[in-house]
Amino acid sequence: MGAPILDKDEIEALERDVVAAVAPPETLEIGGWLVPTDDGTIGRAKSAVPLSHDLGPEALAAIEAAFAERGLEPGFRIAETPGLAAVRAALAARGFTPRQPTVFKAGRSEQLAAFSSASARILTEPDDAWAAVFLGEGFDPVDGAHRVKVLTRSPGAAYGAAGEGGATQAVGVMSFGATWAGVHGMRTAAAHRGKGYASAILGALGREAQARGVERVALQVEESNENARAIYRRAGFTELWTYRYWRKD
C-alpha cells in the first residue's frame, strides 16, 4: 500500500484534530497557523503548526510575539515538505534549529481492528494502574505525570490497558476529533515488552474507533523508534510525512 496523499482540506482537518487531542489551555489562530499554548512537556501542545503545506513565513513574527506575551518559549512543528521550505529557511534565519524528527502515519480503523484479537480493556477514564505505567521504571516521571494529565483531559478519549491476569502492564489512548481518531501514549512497562500487549491495545482501539464510526486513524512516532515503527507498519499505518520541532537553543 502506498502512502496516502492528503489534500489541503484534509491536512487542515488532521492538524486541527491533533492539536485538539492534547487539549491545550488556549489555542490561537494566526495567519493560517494553529498556536497551542501549553507549558508542559508535550511538543504538539506547545508548538505552532501550519494548517497548510503551502504557506509562507509571514506570520512567524506574530506567532513568536504571542508566545512571548504569555511567557512561553516559542516553538514550531514543521513538516519536511517542499511547500514549507521558505518557512524552514526563515526559522533558521531567526535562530531556530530543528530537532526530534517524528514520522506522521495514517491508517484505517478496520485494518487496525483486525491487527490483533488478543485481550485488552477499554476504559472510559484512566485508573491508577493505567497512570502508573507512565511513571514506571525507565520513564521520566515529570514527563509521565504531565502526559497522564494531558491525555486524561483529551475530550471523549478511550484508554486501552493490557497485561497478564488482568494487570495493567501496557497502555495507550485513542483521541477522537471531528474527522480523525488519534493513537497516543503507547507505553509498555520495561519488564513486559515483547509480549504482544501493545498489539492487543492497538486492536482494541481500532475496534473502538469502528464502534464510533470513525474510519481514519493517525499517529506520530519518533523516527528513531524502530520497534514502534515496525509494529505500526504491521498494523497497516503508512507514512504521511516527517516533521521536526523548531526551537531556539
# chains A, B, ... in the order shown; residues from 1 in each chain; ligands from 1
>>> residues_around(residues="Lys105 in chain A", least_positions_apart="4", cutoff="6 Å", atoms="only C-alpha atoms", output="tab-separated table (two decimals) with N, CA and C atoms, in the first residue's frame")
chain	number	residue	atom	x	y	z
A	218	ALA	N	-4.73	8.34	12.87
A	218	ALA	CA	-3.37	8.88	12.69
A	218	ALA	C	-2.56	8.69	13.96
A	219	LEU	N	-1.27	8.68	13.81
A	219	LEU	CA	-0.37	8.65	14.97
A	219	LEU	C	0.95	9.28	14.58
A	237	PHE	N	-0.34	1.08	9.20
A	237	PHE	CA	-0.10	2.51	9.09
A	237	PHE	C	0.97	2.79	8.04
A	238	THR	N	0.73	3.83	7.25
A	238	THR	CA	1.69	4.24	6.24
A	238	THR	C	2.09	5.70	6.49
A	239	GLU	N	3.28	6.06	6.02
A	239	GLU	CA	3.83	7.37	6.32
A	239	GLU	C	3.15	8.47	5.52
A	240	LEU	N	2.83	9.56	6.21
A	240	LEU	CA	2.34	10.77	5.56
A	240	LEU	C	3.49	11.73	5.28
>>> select_by_dssp(residues="range 99-212 of chain A", states="strand (DSSP E)", output="number ranges by chain")
A: 99-108, 121-123, 158-162, 170-176, 180-188
>>> write_last_selection(atoms="N, CA and C atoms", output="mmCIF file, in the first residue's frame")
data_model
loop_
_atom_site.group_PDB
_atom_site.id
_atom_site.type_symbol
_atom_site.label_atom_id
_atom_site.label_comp_id
_atom_site.auth_asym_id
_atom_site.auth_seq_id
_atom_site.Cartn_x
_atom_site.Cartn_y
_atom_site.Cartn_z
ATOM 1 N N ARG A 99 14.782 19.732 15.515
ATOM 2 C CA ARG A 99 15.138 18.601 16.362
ATOM 3 C C ARG A 99 13.978 17.597 16.411
ATOM 4 N N GLN A 100 14.252 16.453 16.946
ATOM 5 C CA GLN A 100 13.265 15.390 17.211
ATOM 6 C C GLN A 100 12.449 15.034 15.957
ATOM 7 N N PRO A 101 13.105 14.500 14.924
ATOM 8 C CA PRO A 101 12.350 14.089 13.733
ATOM 9 C C PRO A 101 11.294 13.041 14.085
ATOM 10 N N THR A 102 10.079 13.286 13.639
ATOM 11 C CA THR A 102 8.925 12.467 14.011
ATOM 12 C C THR A 102 8.122 12.133 12.764
ATOM 13 N N VAL A 103 7.737 10.873 12.646
ATOM 14 C CA VAL A 103 7.008 10.408 11.473
ATOM 15 C C VAL A 103 5.510 10.437 11.753
ATOM 16 N N PHE A 104 4.784 11.085 10.854
ATOM 17 C CA PHE A 104 3.327 11.125 10.910
ATOM 18 C C PHE A 104 2.798 9.967 10.067
ATOM 19 N N LYS A 105 1.930 9.142 10.635
ATOM 20 C CA LYS A 105 1.400 7.978 9.930
ATOM 21 C C LYS A 105 -0.127 7.980 9.939
ATOM 22 N N ALA A 106 -0.709 7.361 8.941
ATOM 23 C CA ALA A 106 -2.165 7.252 8.848
ATOM 24 C C ALA A 106 -2.560 5.811 8.551
ATOM 25 N N GLY A 107 -3.729 5.433 9.065
ATOM 26 C CA GLY A 107 -4.249 4.100 8.818
ATOM 27 C C GLY A 107 -5.764 4.112 8.860
ATOM 28 N N ARG A 108 -6.345 2.924 8.828
ATOM 29 C CA ARG A 108 -7.799 2.756 8.841
ATOM 30 C C ARG A 108 -8.206 1.919 10.045
ATOM 31 N N ARG A 121 -8.352 -4.174 27.540
ATOM 32 C CA ARG A 121 -9.514 -3.499 28.091
ATOM 33 C C ARG A 121 -9.589 -2.066 27.583
ATOM 34 N N ILE A 122 -10.805 -1.565 27.420
ATOM 35 C CA ILE A 122 -11.027 -0.162 27.070
ATOM 36 C C ILE A 122 -11.675 0.518 28.270
ATOM 37 N N LEU A 123 -11.025 1.563 28.764
ATOM 38 C CA LEU A 123 -11.508 2.314 29.915
ATOM 39 C C LEU A 123 -12.059 3.655 29.452
ATOM 40 N N ALA A 158 -10.628 7.288 24.595
ATOM 41 C CA ALA A 158 -10.730 5.914 25.087
ATOM 42 C C ALA A 158 -9.341 5.474 25.525
ATOM 43 N N TYR A 159 -9.262 4.739 26.633
ATOM 44 C CA TYR A 159 -7.980 4.372 27.228
ATOM 45 C C TYR A 159 -7.835 2.855 27.190
ATOM 46 N N GLY A 160 -6.772 2.391 26.531
ATOM 47 C CA GLY A 160 -6.530 0.964 26.419
ATOM 48 C C GLY A 160 -5.574 0.481 27.492
ATOM 49 N N ALA A 161 -5.801 -0.729 28.001
ATOM 50 C CA ALA A 161 -4.933 -1.329 29.012
ATOM 51 C C ALA A 161 -4.840 -2.822 28.747
ATOM 52 N N ALA A 162 -3.649 -3.384 28.954
ATOM 53 C CA ALA A 162 -3.453 -4.823 28.762
ATOM 54 C C ALA A 162 -2.373 -5.299 29.705
ATOM 55 N N ALA A 170 0.621 -2.434 30.073
ATOM 56 C CA ALA A 170 0.777 -1.653 28.848
ATOM 57 C C ALA A 170 -0.463 -0.788 28.687
ATOM 58 N N VAL A 171 -0.267 0.387 28.119
ATOM 59 C CA VAL A 171 -1.382 1.331 27.993
ATOM 60 C C VAL A 171 -1.309 2.050 26.643
ATOM 61 N N GLY A 172 -2.417 2.686 26.306
ATOM 62 C CA GLY A 172 -2.492 3.529 25.112
ATOM 63 C C GLY A 172 -3.764 4.348 25.175
ATOM 64 N N VAL A 173 -3.848 5.346 24.321
ATOM 65 C CA VAL A 173 -5.004 6.243 24.283
ATOM 66 C C VAL A 173 -5.440 6.421 22.842
ATOM 67 N N MET A 174 -6.740 6.547 22.638
ATOM 68 C CA MET A 174 -7.252 6.975 21.341
ATOM 69 C C MET A 174 -8.101 8.216 21.553
ATOM 70 N N SER A 175 -7.703 9.301 20.866
ATOM 71 C CA SER A 175 -8.491 10.533 20.875
ATOM 72 C C SER A 175 -9.448 10.525 19.696
ATOM 73 N N PHE A 176 -10.492 11.325 19.796
ATOM 74 C CA PHE A 176 -11.485 11.390 18.727
ATOM 75 C C PHE A 176 -11.762 12.851 18.390
ATOM 76 N N TRP A 180 -10.672 12.687 12.494
ATOM 77 C CA TRP A 180 -9.670 11.657 12.717
ATOM 78 C C TRP A 180 -9.700 11.144 14.151
ATOM 79 N N ALA A 181 -9.404 9.845 14.298
ATOM 80 C CA ALA A 181 -9.012 9.300 15.595
ATOM 81 C C ALA A 181 -7.490 9.340 15.657
ATOM 82 N N GLY A 182 -6.951 9.490 16.854
ATOM 83 C CA GLY A 182 -5.505 9.539 17.015
ATOM 84 C C GLY A 182 -5.038 8.577 18.077
ATOM 85 N N VAL A 183 -3.936 7.872 17.819
ATOM 86 C CA VAL A 183 -3.326 6.968 18.795
ATOM 87 C C VAL A 183 -2.210 7.721 19.504
ATOM 88 N N HIS A 184 -2.218 7.674 20.822
ATOM 89 C CA HIS A 184 -1.248 8.404 21.632
ATOM 90 C C HIS A 184 -0.843 7.548 22.830
ATOM 91 N N GLY A 185 0.244 7.950 23.473
ATOM 92 C CA GLY A 185 0.581 7.413 24.794
ATOM 93 C C GLY A 185 0.767 5.918 24.855
ATOM 94 N N MET A 186 1.282 5.308 23.786
ATOM 95 C CA MET A 186 1.517 3.863 23.812
ATOM 96 C C MET A 186 2.777 3.579 24.637
ATOM 97 N N ARG A 187 2.594 2.928 25.767
ATOM 98 C CA ARG A 187 3.722 2.596 26.634
ATOM 99 C C ARG A 187 3.531 1.197 27.222
ATOM 100 N N THR A 188 4.647 0.486 27.337
ATOM 101 C CA THR A 188 4.653 -0.834 27.959
ATOM 102 C C THR A 188 5.738 -0.856 29.028
#
>>> select_by_dssp(residues="range 134-173 of chain A", states="helix (DSSP H, G or I)", output="ChimeraX atom specification")
/A:134,141-152,164-166
>>> write_last_selection(atoms="C-alpha atoms", output="compact mmCIF listing (two decimals), in the first residue's frame")
# COMPACT_ATOMS: atom_id res chain seq x y z
CA PHE A 134 3.71 6.21 32.70
CA PRO A 141 8.46 10.85 35.98
CA VAL A 142 7.89 14.56 35.28
CA ASP A 143 7.11 13.95 31.61
CA GLY A 144 4.99 10.93 32.52
CA ALA A 145 2.91 12.84 35.04
CA HIS A 146 2.29 15.63 32.56
CA ARG A 147 1.30 13.21 29.80
CA VAL A 148 -1.19 11.49 32.09
CA LYS A 149 -2.69 14.89 32.92
CA VAL A 150 -2.95 15.93 29.26
CA LEU A 151 -4.23 12.60 27.96
CA THR A 152 -6.81 12.48 30.74
CA GLU A 164 -1.15 -10.61 32.40
CA GLY A 165 -4.06 -11.80 34.53
CA GLY A 166 -5.94 -8.53 34.30
>>> closest_residue(among="A:Glu110, A:Leu28, A:Ala129, A:Asp140", to="Glu215 in chain A", atoms="only C-alpha atoms")
A:Glu110
>>> residues_around(residues="range 15-17 of chain A", least_positions_apart="3", cutoff="7 Å", atoms="only C-alpha atoms", output="VMD selection string")
chain A and resid 11 to 12 20 to 21 51 177 to 178 180
>>> write_last_selection(atoms="N, CA and C atoms", output="tab-separated table (two decimals), in the first residue's frame")
chain	number	residue	atom	x	y	z
A	11	ILE	N	-5.41	17.99	5.27
A	11	ILE	CA	-4.28	18.35	6.13
A	11	ILE	C	-4.76	19.26	7.26
A	12	GLU	N	-5.57	20.25	6.92
A	12	GLU	CA	-6.08	21.16	7.94
A	12	GLU	C	-6.91	20.41	8.98
A	20	ALA	N	-6.32	19.45	19.04
A	20	ALA	CA	-7.45	19.30	19.97
A	20	ALA	C	-7.25	18.10	20.90
A	21	ALA	N	-6.58	17.06	20.41
A	21	ALA	CA	-6.40	15.85	21.21
A	21	ALA	C	-5.56	16.08	22.45
A	51	LEU	N	-1.54	25.18	9.00
A	51	LEU	CA	-2.71	24.41	8.57
A	51	LEU	C	-2.67	24.07	7.09
A	177	GLY	N	-11.37	13.24	17.17
A	177	GLY	CA	-11.60	14.60	16.71
A	177	GLY	C	-12.80	14.66	15.79
A	178	ALA	N	-12.90	15.74	15.07
A	178	ALA	CA	-14.03	15.92	14.16
A	178	ALA	C	-13.97	14.95	12.99
A	180	TRP	N	-10.67	12.69	12.49
A	180	TRP	CA	-9.67	11.66	12.72
A	180	TRP	C	-9.70	11.14	14.15
>>> atom_distance(atom1="CA of Ala198 in chain A", atom2="CA of Ala230 in chain A")
11.8 Å
>>> closest_residue(among="A:Gly31, A:Glu222, A:Glu208, A:Arg244", to="Pro98 in chain A", atoms="only C-alpha atoms")
A:Arg244
>>> residues_around(residues="Ala191 in chain A", least_positions_apart="3", cutoff="10 Å", atoms="only C-alpha atoms", output="list in words")
Glu137, Gln169, Thr188, Gly194 and Lys195 of chain A
>>> write_last_selection(atoms="C-alpha atoms", output="CSV table (one decimal), in the first residue's frame")
chain,number,residue,atom,x,y,z
A,137,GLU,CA,11.0,2.3,35.6
A,169,GLN,CA,1.4,-3.5,32.1
A,188,THR,CA,4.7,-0.8,28.0
A,194,GLY,CA,7.7,-8.2,23.6
A,195,LYS,CA,4.5,-10.0,24.9
>>> decode(residues="range 24-178 of chain A", atoms="C-alpha atoms", output="short mmCIF file (atom, residue, chain, number, x, y, z; two decimals), in the first residue's frame")
data_model
loop_
_atom_site.label_atom_id
_atom_site.label_comp_id
_atom_site.auth_asym_id
_atom_site.auth_seq_id
_atom_site.Cartn_x
_atom_site.Cartn_y
_atom_site.Cartn_z
CA PRO A 24 -4.04 22.91 25.34
CA PRO A 25 -5.48 25.57 27.67
CA GLU A 26 -5.59 28.04 24.78
CA THR A 27 -5.22 27.67 21.01
CA LEU A 28 -4.77 30.78 18.88
CA GLU A 29 -5.17 31.10 15.12
CA ILE A 30 -2.66 33.43 13.50
CA GLY A 31 -2.27 33.80 9.74
CA GLY A 32 -3.16 30.23 8.82
CA TRP A 33 -1.43 28.66 11.83
CA LEU A 34 -2.69 26.96 14.97
CA VAL A 35 -0.79 28.14 18.04
CA PRO A 36 -1.39 25.94 21.13
CA THR A 37 -0.06 27.47 24.34
CA ASP A 38 0.56 24.70 26.85
CA ASP A 39 3.66 24.94 29.06
CA GLY A 40 4.31 21.24 29.63
CA THR A 41 6.44 18.54 28.05
CA ILE A 42 4.32 17.50 25.04
CA GLY A 43 5.66 19.16 21.92
CA ARG A 44 2.38 19.11 20.00
CA ALA A 45 0.68 21.07 22.77
CA LYS A 46 3.15 23.95 22.71
CA SER A 47 4.27 24.26 19.08
CA ALA A 48 2.68 26.35 16.33
CA VAL A 49 1.73 24.31 13.27
CA PRO A 50 0.72 25.48 9.78
CA LEU A 51 -2.71 24.41 8.57
CA SER A 52 -1.40 24.14 5.02
CA HIS A 53 1.75 22.68 3.47
CA ASP A 54 1.87 25.58 1.04
CA LEU A 55 2.41 28.51 3.38
CA GLY A 56 4.99 31.26 3.72
CA PRO A 57 6.76 32.72 6.76
CA GLU A 58 4.76 35.94 7.03
CA ALA A 59 3.13 35.05 10.38
CA LEU A 60 6.27 33.91 12.22
CA ALA A 61 6.96 37.21 13.99
CA ALA A 62 3.36 37.48 15.22
CA ILE A 63 3.46 33.89 16.47
CA GLU A 64 6.72 34.48 18.35
CA ALA A 65 5.18 37.59 19.92
CA ALA A 66 2.09 35.63 21.02
CA PHE A 67 4.27 33.07 22.81
CA ALA A 68 6.34 35.83 24.43
CA GLU A 69 3.22 37.66 25.67
CA ARG A 70 2.28 34.50 27.56
CA GLY A 71 5.76 33.93 28.97
CA LEU A 72 6.28 30.84 26.82
CA GLU A 73 9.22 29.65 24.75
CA PRO A 74 8.29 29.90 21.05
CA GLY A 75 8.17 26.62 19.18
CA PHE A 76 7.08 25.34 15.79
CA ARG A 77 6.17 21.92 14.36
CA ILE A 78 7.05 21.89 10.67
CA ALA A 79 6.60 19.14 8.10
CA GLU A 80 9.57 18.31 5.89
CA THR A 81 7.55 19.03 2.75
CA PRO A 82 8.57 21.18 -0.25
CA GLY A 83 5.82 23.76 0.23
CA LEU A 84 7.18 24.72 3.67
CA ALA A 85 10.79 25.24 2.58
CA ALA A 86 10.51 29.02 2.94
CA VAL A 87 9.18 28.61 6.48
CA ARG A 88 12.08 26.36 7.46
CA ALA A 89 14.60 28.79 5.97
CA ALA A 90 13.02 31.73 7.79
CA LEU A 91 13.02 29.88 11.10
CA ALA A 92 16.71 29.08 10.69
CA ALA A 93 17.38 32.75 9.98
CA ARG A 94 15.53 33.66 13.18
CA GLY A 95 17.79 31.41 15.26
CA PHE A 96 15.64 28.27 15.46
CA THR A 97 17.06 24.78 14.95
CA PRO A 98 15.19 21.59 14.04
CA ARG A 99 15.14 18.60 16.36
CA GLN A 100 13.26 15.39 17.21
CA PRO A 101 12.35 14.09 13.73
CA THR A 102 8.93 12.47 14.01
CA VAL A 103 7.01 10.41 11.47
CA PHE A 104 3.33 11.12 10.91
CA LYS A 105 1.40 7.98 9.93
CA ALA A 106 -2.17 7.25 8.85
CA GLY A 107 -4.25 4.10 8.82
CA ARG A 108 -7.80 2.76 8.84
CA SER A 109 -9.75 1.58 11.85
CA GLU A 110 -10.90 -1.55 10.00
CA GLN A 111 -7.34 -2.71 9.42
CA LEU A 112 -6.28 -1.73 12.94
CA ALA A 113 -9.21 -3.63 14.46
CA ALA A 114 -8.13 -6.79 12.66
CA PHE A 115 -4.48 -6.42 13.66
CA SER A 116 -4.83 -8.26 16.98
CA SER A 117 -7.68 -10.10 18.65
CA ALA A 118 -5.78 -10.54 21.92
CA SER A 119 -7.49 -9.35 25.07
CA ALA A 120 -7.22 -5.69 26.05
CA ARG A 121 -9.51 -3.50 28.09
CA ILE A 122 -11.03 -0.16 27.07
CA LEU A 123 -11.51 2.31 29.92
CA THR A 124 -13.61 5.46 29.80
CA GLU A 125 -11.10 7.14 32.10
CA PRO A 126 -7.64 6.13 33.27
CA ASP A 127 -7.34 4.49 36.68
CA ASP A 128 -4.32 4.48 38.99
CA ALA A 129 -2.87 1.32 37.43
CA TRP A 130 -3.08 2.90 33.98
CA ALA A 131 -1.32 6.05 35.16
CA ALA A 132 1.34 4.05 36.99
CA VAL A 133 2.71 2.66 33.72
CA PHE A 134 3.71 6.21 32.70
CA LEU A 135 5.57 6.62 35.99
CA GLY A 136 7.33 3.25 35.92
CA GLU A 137 11.00 2.34 35.58
CA GLY A 138 12.68 3.77 32.52
CA PHE A 139 10.29 6.70 32.04
CA ASP A 140 10.83 10.33 33.01
CA PRO A 141 8.46 10.85 35.98
CA VAL A 142 7.89 14.56 35.28
CA ASP A 143 7.11 13.95 31.61
CA GLY A 144 4.99 10.93 32.52
CA ALA A 145 2.91 12.84 35.04
CA HIS A 146 2.29 15.63 32.56
CA ARG A 147 1.30 13.21 29.80
CA VAL A 148 -1.19 11.49 32.09
CA LYS A 149 -2.69 14.89 32.92
CA VAL A 150 -2.95 15.93 29.26
CA LEU A 151 -4.23 12.60 27.96
CA THR A 152 -6.81 12.48 30.74
CA ARG A 153 -8.33 15.77 29.60
CA SER A 154 -8.49 14.76 25.92
CA PRO A 155 -12.22 15.07 25.11
CA GLY A 156 -14.04 11.78 24.50
CA ALA A 157 -10.87 9.69 24.63
CA ALA A 158 -10.73 5.91 25.09
CA TYR A 159 -7.98 4.37 27.23
CA GLY A 160 -6.53 0.96 26.42
CA ALA A 161 -4.93 -1.33 29.01
CA ALA A 162 -3.45 -4.82 28.76
CA GLY A 163 -1.41 -7.18 30.89
CA GLU A 164 -1.15 -10.61 32.40
CA GLY A 165 -4.06 -11.80 34.53
CA GLY A 166 -5.94 -8.53 34.30
CA ALA A 167 -2.99 -6.43 35.46
CA THR A 168 -2.11 -3.24 33.62
CA GLN A 169 1.36 -3.53 32.11
CA ALA A 170 0.78 -1.65 28.85
CA VAL A 171 -1.38 1.33 27.99
CA GLY A 172 -2.49 3.53 25.11
CA VAL A 173 -5.00 6.24 24.28
CA MET A 174 -7.25 6.97 21.34
CA SER A 175 -8.49 10.53 20.88
CA PHE A 176 -11.49 11.39 18.73
CA GLY A 177 -11.60 14.60 16.71
CA ALA A 178 -14.03 15.92 14.16
#
